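Enquirer: Pasting coords-v2.tsv below, which is TSV, C-alpha atoms (C1' of nucleotides).
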chain	number	residue	atom	x	y	z
E	30	MET	CA	8.59	-22.60	0.57
E	31	GLU	CA	6.99	-25.97	0.90
E	32	ARG	CA	8.44	-27.43	4.02
E	33	ASN	CA	6.92	-26.53	7.32
E	34	THR	CA	10.11	-25.61	9.14
E	35	GLN	CA	10.49	-24.63	12.75
E	36	GLN	CA	11.69	-21.25	11.57
E	37	ARG	CA	8.58	-20.58	9.56
E	38	GLN	CA	6.37	-21.68	12.45
E	39	ALA	CA	8.25	-19.41	14.82
E	40	ILE	CA	7.78	-16.47	12.46
E	41	LEU	CA	4.04	-17.00	12.12
E	42	LYS	CA	3.72	-17.52	15.85
E	43	ALA	CA	5.39	-14.16	16.42
E	44	PHE	CA	2.63	-12.45	14.44
E	45	GLU	CA	-0.12	-14.39	16.17
E	46	ARG	CA	1.21	-13.42	19.56
E	47	ALA	CA	1.99	-9.80	18.75
E	48	GLU	CA	-1.43	-8.98	17.28
E	49	ARG	CA	0.00	-5.93	15.56
E	50	PRO	CA	2.19	-5.21	12.52
E	51	LEU	CA	5.81	-6.16	12.99
E	52	GLY	CA	9.02	-4.91	11.42
E	53	VAL	CA	11.80	-7.21	10.30
E	54	GLN	CA	13.89	-6.71	13.43
E	55	GLU	CA	10.88	-7.26	15.65
E	56	VAL	CA	10.04	-10.50	13.88
E	57	LEU	CA	13.64	-11.60	14.28
E	58	GLU	CA	13.72	-10.94	18.00
E	59	LEU	CA	10.33	-12.44	18.71
E	60	ALA	CA	10.86	-15.54	16.60
E	61	GLN	CA	14.26	-16.14	18.13
E	62	GLY	CA	12.39	-16.85	21.35
E	63	ASP	CA	11.23	-20.09	19.75
E	64	CYS	CA	14.15	-20.65	17.44
E	65	PRO	CA	17.35	-19.04	18.79
E	66	SER	CA	19.53	-19.76	15.78
E	67	LEU	CA	17.26	-17.85	13.41
E	68	GLY	CA	19.05	-15.47	11.06
E	69	VAL	CA	17.79	-12.39	9.21
E	70	ALA	CA	18.08	-13.96	5.78
E	71	THR	CA	15.51	-16.54	6.82
E	72	ILE	CA	13.22	-13.81	8.08
E	73	TYR	CA	13.36	-11.97	4.78
E	74	ARG	CA	12.90	-15.15	2.77
E	75	ASN	CA	9.90	-16.27	4.77
E	76	LEU	CA	8.27	-12.87	4.95
E	77	LYS	CA	8.47	-12.59	1.19
E	78	ALA	CA	7.06	-16.08	0.70
E	79	LEU	CA	4.31	-15.51	3.24
E	80	VAL	CA	3.26	-12.35	1.44
E	81	VAL	CA	3.10	-14.27	-1.85
E	82	ASP	CA	1.02	-16.92	-0.09
E	83	LYS	CA	-1.23	-14.16	1.30
E	84	LYS	CA	-0.52	-15.28	4.84
E	85	LEU	CA	0.86	-11.80	5.49
E	86	ILE	CA	0.44	-8.37	3.95
E	87	THR	CA	2.90	-5.49	3.89
E	88	VAL	CA	2.44	-2.14	5.57
E	89	ASP	CA	4.76	0.50	4.13
E	90	MET	CA	5.52	3.26	6.56
E	91	PRO	CA	7.03	6.68	5.88
E	92	GLY	CA	10.76	6.53	6.27
E	93	GLY	CA	10.98	3.41	4.16
E	94	LEU	CA	10.39	0.77	6.78
E	95	THR	CA	8.18	-2.14	5.80
E	96	PHE	CA	5.99	-3.78	8.39
E	97	TYR	CA	4.06	-7.01	7.98
E	98	GLU	CA	0.79	-8.17	9.45
E	99	ILE	CA	-1.73	-10.99	9.27
E	100	PRO	CA	-4.40	-9.95	6.79
E	101	GLY	CA	-7.60	-8.94	8.52
E	102	ILE	CA	-11.10	-8.89	7.22
E	103	HIS	CA	-11.81	-5.30	8.11
E	104	HIS	CA	-10.50	-2.17	6.52
E	105	HIS	CA	-8.30	-0.46	9.04
E	106	HIS	CA	-5.38	1.93	9.47
E	107	HIS	CA	-2.24	2.30	11.51
E	108	PHE	CA	-0.84	4.15	14.47
E	109	SER	CA	2.91	4.62	14.63
E	110	CYS	CA	4.47	5.34	18.02
E	111	THR	CA	7.09	8.02	17.58
E	112	ASN	CA	8.78	6.88	20.78
E	113	CYS	CA	9.09	3.08	20.57
E	114	GLN	CA	8.60	2.89	16.78
E	115	LYS	CA	5.99	0.19	17.09
E	116	VAL	CA	2.98	0.13	14.78
E	117	PHE	CA	-0.56	-0.65	15.91
E	118	ASP	CA	-3.80	-1.30	14.10
E	119	VAL	CA	-6.56	1.25	14.29
E	120	GLU	CA	-9.79	-0.59	13.72
E	121	LYS	CA	-12.24	2.09	12.74
E	122	CYS	CA	-12.15	4.08	9.54
E	123	GLY	CA	-14.88	6.70	9.48
E	124	ILE	CA	-13.57	8.63	6.57
E	125	ASN	CA	-15.25	9.80	3.44
E	126	VAL	CA	-12.14	9.79	1.30
E	127	LYS	CA	-13.99	10.19	-1.96
E	128	ASN	CA	-14.63	13.82	-1.13
E	129	LEU	CA	-10.92	14.45	-0.96
E	130	VAL	CA	-10.00	13.18	-4.41
E	131	PRO	CA	-9.27	16.02	-6.84
E	132	ASN	CA	-11.26	16.23	-10.07
E	133	GLY	CA	-9.98	13.94	-12.79
E	134	PHE	CA	-8.02	11.78	-10.36
E	135	THR	CA	-8.70	8.07	-9.88
E	136	LEU	CA	-8.57	6.74	-6.35
E	137	GLN	CA	-7.24	3.24	-5.82
E	138	ARG	CA	-6.70	3.04	-2.10
E	139	HIS	CA	-5.93	5.19	0.91
E	140	GLU	CA	-3.96	5.04	4.11
E	141	VAL	CA	-4.53	6.94	7.30
E	142	LEU	CA	-1.46	7.15	9.46
E	143	LEU	CA	-1.64	8.35	13.02
E	144	PHE	CA	1.51	9.36	14.86
E	145	GLY	CA	1.98	9.82	18.58
E	146	PHE	CA	2.63	7.82	21.72
E	147	CYS	CA	1.21	4.36	22.26
E	148	ASP	CA	-0.43	3.55	25.61
E	149	SER	CA	2.75	2.20	27.11
E	150	CYS	CA	4.85	5.18	26.04
E	151	THR	CA	2.11	7.62	27.10
E	152	GLN	CA	2.28	6.23	30.63
E	153	THR	CA	6.07	6.27	30.74
E	154	ALA	CA	6.18	9.88	29.58
E	155	SER	CA	3.68	11.10	32.16
F	4	MET	CA	23.65	29.03	3.41
F	5	GLU	CA	23.94	32.77	3.36
F	6	ARG	CA	24.68	33.59	-0.23
F	7	ASN	CA	21.83	33.92	-2.65
F	8	THR	CA	23.22	31.72	-5.39
F	9	GLN	CA	21.69	31.03	-8.77
F	10	GLN	CA	21.40	27.40	-7.76
F	11	ARG	CA	19.34	28.19	-4.70
F	12	GLN	CA	17.11	30.52	-6.68
F	13	ALA	CA	16.60	27.87	-9.33
F	14	ILE	CA	15.62	25.34	-6.66
F	15	LEU	CA	13.07	27.62	-5.05
F	16	LYS	CA	11.72	28.59	-8.45
F	17	ALA	CA	11.16	24.93	-9.24
F	18	PHE	CA	8.85	24.65	-6.22
F	19	GLU	CA	7.01	27.86	-7.03
F	20	ARG	CA	6.34	26.68	-10.55
F	21	ALA	CA	5.46	23.09	-9.71
F	22	GLU	CA	2.89	23.96	-7.03
F	23	ARG	CA	3.12	20.46	-5.64
F	24	PRO	CA	5.58	18.44	-3.53
F	25	LEU	CA	8.75	17.48	-5.36
F	26	GLY	CA	11.23	14.65	-4.92
F	27	VAL	CA	14.96	15.14	-5.14
F	28	GLN	CA	15.22	13.98	-8.74
F	29	GLU	CA	12.31	16.18	-9.78
F	30	VAL	CA	13.92	19.20	-8.16
F	31	LEU	CA	17.14	18.40	-9.94
F	32	GLU	CA	15.54	18.15	-13.36
F	33	LEU	CA	13.36	21.21	-12.95
F	34	ALA	CA	16.08	23.40	-11.51
F	35	GLN	CA	18.50	22.36	-14.21
F	36	GLY	CA	16.22	24.23	-16.60
F	37	ASP	CA	17.49	27.46	-15.03
F	38	CYS	CA	20.91	26.24	-14.03
F	39	PRO	CA	22.12	23.38	-16.24
F	40	SER	CA	25.31	22.63	-14.35
F	41	LEU	CA	23.42	21.87	-11.13
F	42	GLY	CA	24.50	18.69	-9.32
F	43	VAL	CA	22.64	16.50	-6.85
F	44	ALA	CA	24.91	17.36	-3.95
F	45	THR	CA	23.80	20.97	-4.24
F	46	ILE	CA	20.18	19.89	-4.30
F	47	TYR	CA	20.57	17.92	-1.09
F	48	ARG	CA	22.53	20.69	0.60
F	49	ASN	CA	19.99	23.34	-0.30
F	50	LEU	CA	16.95	21.24	0.51
F	51	LYS	CA	18.33	20.56	3.94
F	52	ALA	CA	19.13	24.21	4.54
F	53	LEU	CA	15.75	25.34	3.23
F	54	VAL	CA	14.00	22.97	5.62
F	55	VAL	CA	16.03	24.38	8.52
F	56	ASP	CA	15.06	27.89	7.36
F	57	LYS	CA	11.41	26.76	7.17
F	58	LYS	CA	11.24	27.72	3.52
F	59	LEU	CA	10.37	24.09	2.79
F	60	ILE	CA	8.87	21.20	4.72
F	61	THR	CA	9.40	17.49	4.19
F	62	VAL	CA	6.76	14.99	3.15
F	63	ASP	CA	7.78	11.42	3.92
F	64	MET	CA	6.13	8.89	1.68
F	65	PRO	CA	5.87	5.14	2.11
F	66	GLY	CA	8.76	3.44	0.38
F	67	GLY	CA	11.25	5.81	1.94
F	68	LEU	CA	11.15	8.65	-0.53
F	69	THR	CA	11.21	12.15	0.88
F	70	PHE	CA	9.36	14.91	-0.90
F	71	TYR	CA	9.60	18.62	-0.17
F	72	GLU	CA	7.07	21.40	-0.49
F	73	ILE	CA	6.55	25.05	0.29
F	74	PRO	CA	4.82	25.25	3.67
F	75	GLY	CA	1.16	26.13	3.32
F	76	ILE	CA	-1.17	27.69	5.80
F	77	HIS	CA	-3.83	25.04	5.58
F	78	HIS	CA	-3.80	21.53	6.91
F	79	HIS	CA	-3.81	19.20	3.94
F	80	HIS	CA	-2.86	15.74	2.75
F	81	HIS	CA	-1.29	14.06	-0.22
F	82	PHE	CA	-2.17	12.06	-3.28
F	83	SER	CA	0.51	9.81	-4.75
F	84	CYS	CA	0.16	8.75	-8.36
F	85	THR	CA	1.05	5.08	-8.62
F	86	ASN	CA	1.80	5.53	-12.31
F	87	CYS	CA	4.01	8.62	-12.62
F	88	GLN	CA	5.08	8.67	-8.96
F	89	LYS	CA	4.24	12.34	-8.57
F	90	VAL	CA	2.75	13.66	-5.35
F	91	PHE	CA	-0.06	16.20	-5.22
F	92	ASP	CA	-1.65	18.20	-2.45
F	93	VAL	CA	-5.18	17.39	-1.36
F	94	GLU	CA	-6.62	20.52	0.14
F	95	LYS	CA	-9.53	19.32	2.19
F	96	CYS	CA	-9.33	17.24	5.33
F	97	GLY	CA	-12.77	16.30	6.58
F	98	ILE	CA	-11.64	13.72	9.04
F	99	ASN	CA	-12.44	13.24	12.66
F	100	VAL	CA	-9.22	11.50	13.55
F	101	LYS	CA	-9.71	11.76	17.28
F	102	ASN	CA	-12.33	9.03	17.09
F	103	LEU	CA	-9.77	6.65	15.69
F	104	VAL	CA	-7.18	6.97	18.44
F	105	PRO	CA	-7.14	3.92	20.72
F	106	ASN	CA	-7.64	4.38	24.45
F	107	GLY	CA	-4.53	5.45	26.28
F	108	PHE	CA	-2.78	6.57	23.11
F	109	THR	CA	-1.66	10.16	22.56
F	110	LEU	CA	-2.15	11.60	19.09
F	111	GLN	CA	0.45	14.03	17.77
F	112	ARG	CA	-0.35	14.28	14.09
F	113	HIS	CA	-1.89	12.36	11.25
F	114	GLU	CA	-1.40	11.82	7.54
F	115	VAL	CA	-3.93	10.78	4.99
F	116	LEU	CA	-2.36	9.28	1.90
F	117	LEU	CA	-4.37	8.69	-1.22
F	118	PHE	CA	-3.05	6.44	-3.95
F	119	GLY	CA	-4.24	6.16	-7.54
F	120	PHE	CA	-3.85	7.88	-10.88
F	121	CYS	CA	-3.46	11.62	-11.24
F	122	ASP	CA	-5.56	13.46	-13.84
F	123	SER	CA	-2.92	13.19	-16.51
F	124	CYS	CA	-2.37	9.46	-15.96
F	125	THR	CA	-6.12	8.81	-15.71
F	126	GLN	CA	-6.56	10.26	-19.20
F	127	THR	CA	-3.62	8.35	-20.65
F	128	ALA	CA	-4.94	5.07	-19.25
F	129	SER	CA	-8.43	5.53	-20.64
D	29	DA	C1'	38.14	45.49	-9.32
D	30	DA	C1'	40.31	42.52	-5.62
D	31	DG	C1'	39.98	39.43	-2.04
D	32	DC	C1'	37.82	36.43	1.14
D	33	DT	C1'	35.48	32.38	1.64
D	34	DA	C1'	30.84	30.24	1.20
D	35	DA	C1'	28.95	27.42	-2.19
D	36	DT	C1'	29.35	24.43	-5.94
D	37	DG	C1'	30.07	20.06	-8.73
D	38	DA	C1'	32.10	15.65	-9.59
D	39	DT	C1'	32.75	11.78	-7.37
D	40	DA	C1'	34.02	8.76	-3.63
D	41	DA	C1'	32.24	7.22	0.60
D	42	DT	C1'	28.71	5.93	3.75
D	43	DA	C1'	24.53	3.96	5.68
D	44	DG	C1'	20.66	0.98	5.98
D	45	DA	C1'	17.78	-2.38	4.04
D	46	DT	C1'	17.50	-6.26	1.27
D	47	DT	C1'	19.38	-10.07	-1.65
D	48	DA	C1'	22.77	-13.58	-3.30
D	49	DT	C1'	26.05	-17.18	-2.27
D	50	DC	C1'	27.14	-21.54	-0.69
D	51	DA	C1'	28.29	-25.00	2.53
D	52	DT	C1'	25.45	-27.25	6.01
D	53	DT	C1'	21.09	-28.81	8.14
D	54	DA	C1'	16.83	-31.00	8.46
D	55	DA	C1'	11.68	-31.98	6.37
D	56	DG	C1'	9.27	-35.18	4.25
D	57	DT	C1'	8.96	-39.44	1.58
D	58	DG	C1'	9.52	-44.37	0.67
L	15	DC	C1'	16.25	-45.41	8.58
L	16	DA	C1'	18.22	-43.45	4.49
L	17	DC	C1'	17.84	-40.28	0.83
L	18	DT	C1'	16.69	-36.26	-1.70
L	19	DT	C1'	16.69	-31.58	-1.80
L	20	DA	C1'	14.34	-27.47	0.13
L	21	DA	C1'	15.57	-24.43	3.65
L	22	DT	C1'	18.76	-22.46	6.70
L	23	DG	C1'	22.54	-19.37	8.59
L	24	DA	C1'	26.63	-16.64	8.17
L	25	DT	C1'	28.30	-13.39	5.49
L	26	DA	C1'	29.47	-11.04	1.29
L	27	DA	C1'	27.33	-8.42	-2.13
L	28	DT	C1'	24.02	-5.21	-3.86
L	29	DC	C1'	21.07	-1.28	-4.19
L	30	DT	C1'	19.43	3.23	-3.35
L	31	DA	C1'	19.50	7.39	-0.93
L	32	DT	C1'	22.27	10.58	1.22
L	33	DT	C1'	26.68	12.65	2.85
L	34	DA	C1'	31.69	13.80	2.77
L	35	DT	C1'	35.69	15.34	0.24
L	36	DC	C1'	38.16	18.72	-2.10
L	37	DA	C1'	39.62	21.44	-5.87
L	38	DT	C1'	37.25	25.14	-8.30
L	39	DT	C1'	33.80	28.83	-8.88
L	40	DA	C1'	31.43	32.84	-7.85
L	41	DG	C1'	28.69	36.00	-4.06
L	42	DC	C1'	29.39	39.76	-1.57
L	43	DT	C1'	31.94	43.37	0.82
L	44	DT	C1'	35.20	46.97	0.59
Mind converting the file's structure to structure tokens?
Expert:
Amino acid sequence: MERNTQQRQAILKAFERAERPLGVQEVLELAQGDCPSLGVATIYRNLKALVVDKKLITVDMPGGLTFYEIPGIHHHHHFSCTNCQKVFDVEKCGINVKNLVPNGFTLQRHEVLLFGFCDSCTQTAS
Amino acid sequence: MERNTQQRQAILKAFERAERPLGVQEVLELAQGDCPSLGVATIYRNLKALVVDKKLITVDMPGGLTFYEIPGIHHHHHFSCTNCQKVFDVEKCGINVKNLVPNGFTLQRHEVLLFGFCDSCTQTAS
DNA sequence: AAGCTAATGATAATAGATTATCATTAAGTG
DNA sequence: CACTTAATGATAATCTATTATCATTAGCTT
């Protein structure tokens, strides 16, 4: 992954525009706007390389789907829309997780996952 | 699922003894203690039926693995050991999740996932 | 105990996500 | 511009979890 291809630029641009974590299919569709011939294999190859390069980080969601996002400075969590399946960042994290850890256990990291309707799906449903 | 077979009893007994969420392979191994001929197909069939009967609930973990547990009365969360891959209940939930929900979003439920070493793996590592 | 048939167990089949293959394309260098 | 080769794109292959198939076993009712 050394050459700065149009495909790779289109993939990064998709994340910059979306401003939220994206799944593989979402990246494919968005990046095809700039680069119509893009195939899934290229998406997977670039996502993997971008994660190695720390240009992206992975967000594993229940159900086995992996999302990717541009690494942010702040600790944050995720909101998963149960209607449109999109994932959004939740900026605040006012949790005292240390209290939750059972005795004798060692905490490495934590995830808070919120599920519900995003703003767009909330409006549609009402 | 009407007959009270030895297999089904062995599966439920595995959950009662484990006192924590179990994955399919764990259920298989534990239940085979009571019923050695048990096959995976029977595990899947019974787990599905037990969830329909509300004797078990599912716990979806990142990575796509589904765990199952006996439904408890209290709201709780889960700790996943990154060493032995076992999942444990975390009884307390002192979180004010409502503060985290973005404007316009509708919250349905939330999950708090803790990752690290369980007590047994913490001791082994030290 | 006999009979009906739900449930089982071994295994093939399926499904979805990800990876490998390989001929072709195009970045970057001189 | 020409060349080298990394990267691409189409698709086959793989992997893992789960489900379907079907002959056999064993609950349960009488």
Enquirer: Do a neighbour search on His139 in chain E at 9 Å with all atoms listed in the file, toss out local chain neighbours closer than 6 positions, and write the hits as a short mmCIF file (atom, residue, chain, number, x, y, z; two decimals) with C-alpha atoms, keeping the file's coordinate frame.
Expert:
data_model
loop_
_atom_site.label_atom_id
_atom_site.label_comp_id
_atom_site.auth_asym_id
_atom_site.auth_seq_id
_atom_site.Cartn_x
_atom_site.Cartn_y
_atom_site.Cartn_z
CA VAL E 126 -12.14 9.79 1.30
CA PHE F 82 -2.17 12.06 -3.28
CA VAL F 115 -3.93 10.78 4.99
CA LEU F 116 -2.36 9.28 1.90
CA LEU F 117 -4.37 8.69 -1.22
CA PHE F 118 -3.05 6.44 -3.95
CA GLY F 119 -4.24 6.16 -7.54
#
Enquirer: Which residues, protein or nucleic acid, reach to within 12 Å of (4.3, 7.2, 8.0) in the file's coordinates when using all atoms listed in the file, and can you give that as a ChimeraX atom specification?
Expert: /E:88-96,106-111,114-116,140-145 /F:62-69,112-116
Enquirer: Please return, as JSON, numbers by chain, all residues of chain D lying within 12 Å of chain F when only C-alpha atoms (C1' of nucleotides) are considered.
Expert: {"D": [33, 34, 35, 36, 37, 38, 39, 44, 45]}
Enquirer: May I have the residues of chain L within 12 Å of chain F, counting all atoms listed in the file, written as a VMD selection string?
Expert: chain L and resid 30 to 35 39 to 42
Enquirer: Quote the spacing between CA of Cys122 in chain E and CA of Leu103 in chain F in Å to one decimal place.
Expert: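 Separation between CA of Cys122 in chain E and CA of Leu103 in chain F: 7.1 Å.
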Enquirer: For Thr153 in chain E, work out the shell of residues within 12 Å, counting all atoms listed in the file and skipping chain neighbours fewer than 2 positions away, then give it as JSON, numbers by chain.
Expert: {"E": [112, 113, 146, 147, 148, 149, 150, 151, 155], "F": [107, 108, 109]}
Enquirer: Pick the closest to chain E from F:Phe91, F:Arg20, F:Tyr71, F:Lys51: which is it, counting all atoms listed in the file?
Expert: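 Result for the nearest residue to chain E: F:Phe91.
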Enquirer: Using all atoms listed in the file for the distances, tell me which of E:Cys64, E:Gln137, E:His104, E:Val130 is nearest to DT22 in chain L.
Expert: E:Cys64
Enquirer: Grab range 62-73 of chain F from that structure and dump all heavy atoms to a file, as a PDB file, in the first residue's frame.
Expert:
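The file below, decode-v2.pdb, is the result:
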ATOM      1  N   VAL F  62     -27.178 -13.169  24.021  1.00  0.00           N
ATOM      2  CA  VAL F  62     -26.242 -12.072  24.266  1.00  0.00           C
ATOM      3  C   VAL F  62     -25.312 -12.015  23.057  1.00  0.00           C
ATOM      4  O   VAL F  62     -24.473 -12.881  22.868  1.00  0.00           O
ATOM      5  CB  VAL F  62     -25.405 -12.332  25.539  1.00  0.00           C
ATOM      6  CG1 VAL F  62     -24.452 -11.166  25.785  1.00  0.00           C
ATOM      7  CG2 VAL F  62     -26.298 -12.588  26.735  1.00  0.00           C
ATOM      8  N   ASP F  63     -25.515 -11.010  22.224  1.00  0.00           N
ATOM      9  CA  ASP F  63     -24.681 -10.872  21.021  1.00  0.00           C
ATOM     10  C   ASP F  63     -23.407 -10.139  21.359  1.00  0.00           C
ATOM     11  O   ASP F  63     -23.430  -9.020  21.854  1.00  0.00           O
ATOM     12  CB  ASP F  63     -25.436 -10.097  19.935  1.00  0.00           C
ATOM     13  CG  ASP F  63     -26.495 -10.954  19.291  1.00  0.00           C
ATOM     14  OD1 ASP F  63     -26.213 -12.133  19.002  1.00  0.00           O
ATOM     15  OD2 ASP F  63     -27.613 -10.452  19.078  1.00  0.00           O
ATOM     16  N   MET F  64     -22.292 -10.750  21.050  1.00  0.00           N
ATOM     17  CA  MET F  64     -21.008 -10.123  21.339  1.00  0.00           C
ATOM     18  C   MET F  64     -20.352  -9.659  20.048  1.00  0.00           C
ATOM     19  O   MET F  64     -20.574 -10.240  18.976  1.00  0.00           O
ATOM     20  CB  MET F  64     -20.102 -11.114  22.058  1.00  0.00           C
ATOM     21  CG  MET F  64     -20.652 -11.590  23.389  1.00  0.00           C
ATOM     22  SD  MET F  64     -20.921 -10.234  24.558  1.00  0.00           S
ATOM     23  CE  MET F  64     -19.237  -9.839  24.993  1.00  0.00           C
ATOM     24  N   PRO F  65     -19.519  -8.612  20.153  1.00  0.00           N
ATOM     25  CA  PRO F  65     -18.764  -8.192  18.974  1.00  0.00           C
ATOM     26  C   PRO F  65     -17.953  -9.366  18.433  1.00  0.00           C
ATOM     27  O   PRO F  65     -17.469 -10.190  19.201  1.00  0.00           O
ATOM     28  CB  PRO F  65     -17.841  -7.107  19.532  1.00  0.00           C
ATOM     29  CG  PRO F  65     -18.553  -6.576  20.724  1.00  0.00           C
ATOM     30  CD  PRO F  65     -19.253  -7.747  21.311  1.00  0.00           C
ATOM     31  N   GLY F  66     -17.824  -9.419  17.143  1.00  0.00           N
ATOM     32  CA  GLY F  66     -17.145 -10.551  16.516  1.00  0.00           C
ATOM     33  C   GLY F  66     -18.145 -11.556  15.970  1.00  0.00           C
ATOM     34  O   GLY F  66     -17.786 -12.445  15.215  1.00  0.00           O
ATOM     35  N   GLY F  67     -19.415 -11.400  16.361  1.00  0.00           N
ATOM     36  CA  GLY F  67     -20.444 -12.231  15.761  1.00  0.00           C
ATOM     37  C   GLY F  67     -20.833 -13.451  16.560  1.00  0.00           C
ATOM     38  O   GLY F  67     -21.688 -14.219  16.141  1.00  0.00           O
ATOM     39  N   LEU F  68     -20.196 -13.642  17.722  1.00  0.00           N
ATOM     40  CA  LEU F  68     -20.559 -14.809  18.511  1.00  0.00           C
ATOM     41  C   LEU F  68     -21.791 -14.518  19.353  1.00  0.00           C
ATOM     42  O   LEU F  68     -21.905 -13.458  19.947  1.00  0.00           O
ATOM     43  CB  LEU F  68     -19.393 -15.228  19.400  1.00  0.00           C
ATOM     44  CG  LEU F  68     -18.222 -15.827  18.638  1.00  0.00           C
ATOM     45  CD1 LEU F  68     -17.102 -16.204  19.592  1.00  0.00           C
ATOM     46  CD2 LEU F  68     -18.685 -17.050  17.864  1.00  0.00           C
ATOM     47  N   THR F  69     -22.680 -15.496  19.388  1.00  0.00           N
ATOM     48  CA  THR F  69     -23.880 -15.370  20.196  1.00  0.00           C
ATOM     49  C   THR F  69     -23.725 -16.203  21.457  1.00  0.00           C
ATOM     50  O   THR F  69     -23.376 -17.375  21.378  1.00  0.00           O
ATOM     51  CB  THR F  69     -25.115 -15.850  19.419  1.00  0.00           C
ATOM     52  OG1 THR F  69     -25.229 -15.084  18.217  1.00  0.00           O
ATOM     53  CG2 THR F  69     -26.372 -15.676  20.239  1.00  0.00           C
ATOM     54  N   PHE F  70     -23.960 -15.580  22.585  1.00  0.00           N
ATOM     55  CA  PHE F  70     -23.984 -16.301  23.849  1.00  0.00           C
ATOM     56  C   PHE F  70     -25.428 -16.375  24.309  1.00  0.00           C
ATOM     57  O   PHE F  70     -26.293 -15.638  23.825  1.00  0.00           O
ATOM     58  CB  PHE F  70     -23.115 -15.585  24.888  1.00  0.00           C
ATOM     59  CG  PHE F  70     -21.639 -15.784  24.673  1.00  0.00           C
ATOM     60  CD1 PHE F  70     -20.993 -15.158  23.621  1.00  0.00           C
ATOM     61  CD2 PHE F  70     -20.903 -16.609  25.498  1.00  0.00           C
ATOM     62  CE1 PHE F  70     -19.633 -15.347  23.398  1.00  0.00           C
ATOM     63  CE2 PHE F  70     -19.538 -16.804  25.294  1.00  0.00           C
ATOM     64  CZ  PHE F  70     -18.908 -16.175  24.247  1.00  0.00           C
ATOM     65  N   TYR F  71     -25.665 -17.280  25.255  1.00  0.00           N
ATOM     66  CA  TYR F  71     -27.012 -17.490  25.789  1.00  0.00           C
ATOM     67  C   TYR F  71     -26.923 -17.484  27.296  1.00  0.00           C
ATOM     68  O   TYR F  71     -25.925 -17.928  27.862  1.00  0.00           O
ATOM     69  CB  TYR F  71     -27.568 -18.835  25.308  1.00  0.00           C
ATOM     70  CG  TYR F  71     -27.702 -18.913  23.807  1.00  0.00           C
ATOM     71  CD1 TYR F  71     -26.604 -19.230  23.012  1.00  0.00           C
ATOM     72  CD2 TYR F  71     -28.917 -18.649  23.191  1.00  0.00           C
ATOM     73  CE1 TYR F  71     -26.721 -19.278  21.628  1.00  0.00           C
ATOM     74  CE2 TYR F  71     -29.047 -18.706  21.809  1.00  0.00           C
ATOM     75  CZ  TYR F  71     -27.938 -19.021  21.034  1.00  0.00           C
ATOM     76  OH  TYR F  71     -28.049 -19.065  19.678  1.00  0.00           O
ATOM     77  N   GLU F  72     -27.990 -16.996  27.944  1.00  0.00           N
ATOM     78  CA  GLU F  72     -27.992 -17.057  29.406  1.00  0.00           C
ATOM     79  C   GLU F  72     -29.417 -17.146  29.921  1.00  0.00           C
ATOM     80  O   GLU F  72     -30.372 -16.804  29.224  1.00  0.00           O
ATOM     81  CB  GLU F  72     -27.264 -15.855  30.011  1.00  0.00           C
ATOM     82  CG  GLU F  72     -27.988 -14.550  29.887  1.00  0.00           C
ATOM     83  CD  GLU F  72     -27.224 -13.406  30.574  1.00  0.00           C
ATOM     84  OE1 GLU F  72     -26.498 -13.668  31.539  1.00  0.00           O
ATOM     85  OE2 GLU F  72     -27.363 -12.256  30.118  1.00  0.00           O
ATOM     86  N   ILE F  73     -29.530 -17.613  31.156  1.00  0.00           N
ATOM     87  CA  ILE F  73     -30.829 -17.674  31.811  1.00  0.00           C
ATOM     88  C   ILE F  73     -31.260 -16.247  32.115  1.00  0.00           C
ATOM     89  O   ILE F  73     -30.480 -15.472  32.662  1.00  0.00           O
ATOM     90  CB  ILE F  73     -30.726 -18.509  33.106  1.00  0.00           C
ATOM     91  CG1 ILE F  73     -30.391 -19.967  32.743  1.00  0.00           C
ATOM     92  CG2 ILE F  73     -32.015 -18.422  33.902  1.00  0.00           C
ATOM     93  CD1 ILE F  73     -30.139 -20.860  33.943  1.00  0.00           C
TER      94      ILE F  73
END
